[in-house]
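So the structure is just underneath, and the comments pick up after that.
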Amino acid sequence: MQLAWRPEDEAFRAELVAFLDEHVPAEANAGFDYADAGERDERDLIPAWSRAWQATLFDNGWMIPAYPPELGGRNCTPVQTLIYLEEMARRRVPRSLHFPGYAIVAPSLLEFGSEQQRELVPPAIRGDTIWCIGMSEPNAGSDLAGLTTRADVHDDEFVVNGQKVWTSYAMAAQKCFCYVRTDPEAPKHKGISLLIIDMDTPGIDIRPLRHISGAANFAEVFFGDVVVPRENLVGTLNDGWRITQGSLAHERAGLWVEGVSRLETTIRGLVALARRRGLVDDPIVRRRLAELYERAASLRALGYKGFSSFAQGSSAPEHSFMKMATSELGKECWEYGMELQGAYGAVADPERGEEDGRWIMGFFMSFANTIAGGSSEIQRNIIAQRVLGLPRAR
Amino acid sequence: MDFTLSPDQELLRDTARQLLERECPTTLLRAHIGDPAAADPLWRHLRDFAALGDGPLTDGCVFLEESGYVAAPGPFFPTVALFAPLLAAAGHELLAPALAGEITGTVAVAGADGVWTANDDPVKTFVPEADRVDWVAIVSTGPTVALVQSPETRPVATVDFSRRVFEVDAGSGSAGAHSIDPEAFESVLERATIALAAEMVGTARRLFDMTLAYAKERVQFDVPIGSFQALQHKLADMALDLERATSAVAYAAMTVDAKDADRRRAAHVAKAAAGAAATRGAKDGIQIHGGIGYTWEHDLHLFIRHAYGSEAWMGTSAWHHDRLADLLL
């Protein structure tokens, strides 16, 4: 057990810091500490500066550092990946404002795609192609495998009919990584296939969904007799479910850093807020702020502990806790920010509320973290059954 | 940054685990309720590890997590986690025999309010094992340390059978007091706080392990009760508090060993996180056990008692939150 990083890893950090000091665009330092910059709307979903920034990261080997240079990386070690994620999170610099391409499509295609499909990977990581993921449906949320969007096989093509929902960036995307049912007779996990669908194909109708904060970065996507060429099938017919597990495996062990850093930023914000409002001598406020700090600090330690096991090649059950714990604690912090403002807690008028409505907006946006990507309740089921070894719930 | 145990630490943990499982069964804890001498044979084994009192705190915490798992009674914790570090800070000649396991000792700091800061109160409170150890180190303002033998003590009954605590008359032997550097004394308290948190994490893990095993074996409505989602979610939340406390303690011990600037905050975080894990393990543990967990006959209460005794001792979670707030605000 030791606190210090090895010298070669500190050298890696120094190189990254020098790069960031020189290249980070001013707009990237907006300092959003709530989920996915909620103020952007569909007209400016992926602004020009972020496209240029993602390309710069790719060209300099800082987009996915564990990948080889031709995929926007520099073949770094797992520990260095953690340092990268930690430093980016500490500065609150987003790599990209659209995660599906680099984080889900690229690793999935590298593992399961045909040679031709793998050519789509570099532009997906560089952000030249914007992707969306067609997964959730009105009746397939937590129970994703219950999806019913259908693809009928006709000679050399599929014909797709159905509806997806909560499809992030659908309005901006050129391509969709779309999960469809190709065998309605098979058990539900066995009849799913994965298709690449061009978003300008006739029959696709995109309707932006405004979320609770008022902005829209996701949409409903309707498919009506959408024709997809046979070669756009990823992997094997009816074997698409196992590709749903695909994401950046080597980064999964470090993704918690972002959640914890965001929490710490939020708690620093709460301290500043309490100061401005003359509440730092209130013993109840003091104790509550310290308790939030304690929980965030212990989660950072838990993240490092899990990562240490992972880096040594052991399984790291610690990570199963991080998503649930950081998102739930985040929600509490945002709500407390509203509480500290008393009667002004619900004021949305940026002239009168604190920090342009940061606290109420952050609170609203924080629900995304406890719902998307597996709700907190699903996370608890996973912990109980996969980590604690309890029998399947009835 | 590496939280994994070194091969030596793994060996230490395994040795501690085997020794304590063998030498500190719950039958010993029950015998100890009416007869403190029942823990004497245990000390004769644990004295071999007294040198942990002045080694890396990460090593000490590895061992104390295991002694907390069995709620080990007796002079080991006061000697290793309080007495030896205080002697080391004071540069006292009794340090060598203490680390060799030749003598036992305890430390008296808290006054009437039970708070562990140096004071001149005539009666010291919550002093563990004060009636049976060889030496009692009495801390007064300055801070100064006076080492006394056989002071006047009065037992204070608490729910915790594994930690017997006493009032000690501070005036019973103030001659020959050593002064101690205030910073060094703060470091002793930091170290002791983290050591206690490590012990509490062990107790919390015991409560969790017993409860998880029970949820898997107890059948109602023809299925193990652990298959019910209400209990699964409760157990997931218990596990989270346990895991984050375990990690907070490891981190705090690492900051002490590295003399890192974050160590004071980390000590408060560790004790408060351990308090959350231990009391949740106790409350939810008894709830999941149902009626049997509420009985004298079942062993669960031995650990529930130690969890709450430890939560209240050397600063409650709330007290540590308040001290943390002093550092943050």
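Convention: chains lettered A, B, ... in structure tokens order; per-chain residue numbering from 1; ligands numbered from 1 as shown.
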Test item: chain B residues at most 8 Å from chain A, counting only C-alpha atoms, as JSON, numbers by chain:
{"B": [1, 2, 3, 4, 5, 6, 58, 212, 216, 224, 226, 227, 228, 229, 232, 233, 235, 236, 237, 240, 243, 244, 245, 246, 247, 248, 251, 254, 255, 258, 269, 270, 272, 273, 318, 321, 322, 324, 325, 328, 329]}
Where in segment 176-322 of chain A does DSSP assign helix (DSSP H, G or I), given as a count of residues only?
67
Between atom CA of Thr106 of chain B and atom CA of Ala252 of chain B, what is the distance, to one decimal in Å?
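We find that atom CA of Thr106 of chain B and atom CA of Ala252 of chain B lie 23.1 Å from each other.
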What parts of segment 142-322 of chain B does DSSP call strand (DSSP E or B)? I'd like the answer as an mmCIF file with N, CA and C atoms, in the first residue's frame.
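Output (part_33.cif):
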data_model
loop_
_atom_site.group_PDB
_atom_site.id
_atom_site.type_symbol
_atom_site.label_atom_id
_atom_site.label_comp_id
_atom_site.auth_asym_id
_atom_site.auth_seq_id
_atom_site.Cartn_x
_atom_site.Cartn_y
_atom_site.Cartn_z
ATOM 1 N N THR B 144 1.087 17.264 28.741
ATOM 2 C CA THR B 144 2.067 16.482 29.486
ATOM 3 C C THR B 144 1.527 15.066 29.666
ATOM 4 N N VAL B 145 2.445 14.150 29.886
ATOM 5 C CA VAL B 145 2.068 12.753 30.093
ATOM 6 C C VAL B 145 2.666 12.280 31.412
ATOM 7 N N ALA B 146 1.814 11.744 32.304
ATOM 8 C CA ALA B 146 2.304 11.138 33.541
ATOM 9 C C ALA B 146 2.006 9.644 33.494
ATOM 10 N N LEU B 147 3.008 8.831 33.779
ATOM 11 C CA LEU B 147 2.799 7.379 33.768
ATOM 12 C C LEU B 147 2.592 6.892 35.184
ATOM 13 N N VAL B 148 1.462 6.255 35.406
ATOM 14 C CA VAL B 148 1.160 5.794 36.762
ATOM 15 C C VAL B 148 0.791 4.313 36.740
ATOM 16 N N THR B 153 -9.490 3.647 40.016
ATOM 17 C CA THR B 153 -10.361 3.507 38.840
ATOM 18 C C THR B 153 -11.758 3.095 39.278
ATOM 19 N N ARG B 154 -12.746 3.496 38.503
ATOM 20 C CA ARG B 154 -14.129 3.053 38.718
ATOM 21 C C ARG B 154 -14.683 2.601 37.374
ATOM 22 N N PRO B 155 -15.205 1.381 37.300
ATOM 23 C CA PRO B 155 -15.742 0.905 36.025
ATOM 24 C C PRO B 155 -16.988 1.678 35.619
ATOM 25 N N VAL B 156 -17.142 1.909 34.318
ATOM 26 C CA VAL B 156 -18.360 2.513 33.779
ATOM 27 C C VAL B 156 -18.975 1.481 32.843
ATOM 28 N N VAL B 165 -14.466 0.126 29.982
ATOM 29 C CA VAL B 165 -13.935 1.482 30.173
ATOM 30 C C VAL B 165 -14.105 1.939 31.621
ATOM 31 N N PHE B 166 -13.245 2.880 32.017
ATOM 32 C CA PHE B 166 -13.135 3.285 33.415
ATOM 33 C C PHE B 166 -12.997 4.786 33.556
ATOM 34 N N GLU B 167 -13.411 5.265 34.737
ATOM 35 C CA GLU B 167 -13.001 6.593 35.184
ATOM 36 C C GLU B 167 -11.689 6.419 35.936
ATOM 37 N N VAL B 168 -10.770 7.368 35.737
ATOM 38 C CA VAL B 168 -9.472 7.310 36.416
ATOM 39 C C VAL B 168 -9.236 8.658 37.095
ATOM 40 N N ASP B 169 -8.842 8.632 38.367
ATOM 41 C CA ASP B 169 -8.516 9.890 39.048
ATOM 42 C C ASP B 169 -7.185 10.411 38.527
ATOM 43 N N HIS B 178 6.036 13.990 31.771
ATOM 44 C CA HIS B 178 6.857 14.385 30.618
ATOM 45 C C HIS B 178 6.061 15.361 29.772
ATOM 46 N N SER B 179 6.715 16.379 29.239
ATOM 47 C CA SER B 179 5.967 17.212 28.300
ATOM 48 C C SER B 179 6.128 16.595 26.904
ATOM 49 N N VAL B 219 -34.994 -19.606 5.098
ATOM 50 C CA VAL B 219 -36.052 -19.794 4.113
ATOM 51 C C VAL B 219 -37.398 -19.370 4.695
ATOM 52 N N GLN B 220 -38.100 -18.526 3.965
ATOM 53 C CA GLN B 220 -39.485 -18.171 4.265
ATOM 54 C C GLN B 220 -40.234 -18.081 2.949
ATOM 55 N N VAL B 223 -38.575 -19.780 -0.084
ATOM 56 C CA VAL B 223 -37.349 -19.324 -0.770
ATOM 57 C C VAL B 223 -36.419 -18.669 0.264
ATOM 58 N N PRO B 224 -35.111 -18.615 -0.040
ATOM 59 C CA PRO B 224 -34.210 -17.870 0.852
ATOM 60 C C PRO B 224 -34.647 -16.407 0.910
#
Quick one: everything within 6 Å of Gly240 of chain A, counting only C-alpha atoms, minus sequence neighbours fewer than 5 positions away in the same chain. Send it as number ranges by chain.
A: 192-194
Just give me the gap between atom CA of Trp241 of chain A and atom CA of Ser114 of chain A in Å, one decimal is fine.
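It comes out at 17.2 Å.
Taking atom CA of Glu115 of chain A and atom CA of Ala66 of chain A as the two end points, the separation is 21.4 Å.
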Quick one: residues within 10 Å of segment 42-48 of chain B, only C-alpha atoms, excluding same-chain residues fewer than 5 positions away - as an MDAnalysis selection string?
chainID B and resid 16 19:20 22:24 28 37 67 72:77 79:80 98:104
Which of these, A:Leu233, A:Leu144, A:Leu82, A:Met88, has the shortest distance to Asp9 of chain A once you count only C-alpha atoms?
A:Leu82
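Taking only C-alpha atoms, the non-local environment of Glu339 of chain A within 12 Å (same-chain residues fewer than 5 positions away omitted) comprises Leu270, Leu273, Ala274, Arg277, Leu279, Val285, Arg288, Glu332, Cys333, Trp334, Tyr344, Gly345, Ala346, Val347, Glu354, Trp359, Ile360 and Phe363 of chain A.
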Ranking A:Leu237, A:Ala368, A:Ala28, A:Val153 by minimum distance to Phe218 of chain A and counting only C-alpha atoms, which one comes first?
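So, comparing all the options, the nearest one is A:Ala368.
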Hey, which of B:Thr15, B:Thr26, B:Thr117, B:Ser310 ends up closest to Glu199 of chain B? Count only C-alpha atoms.
B:Ser310
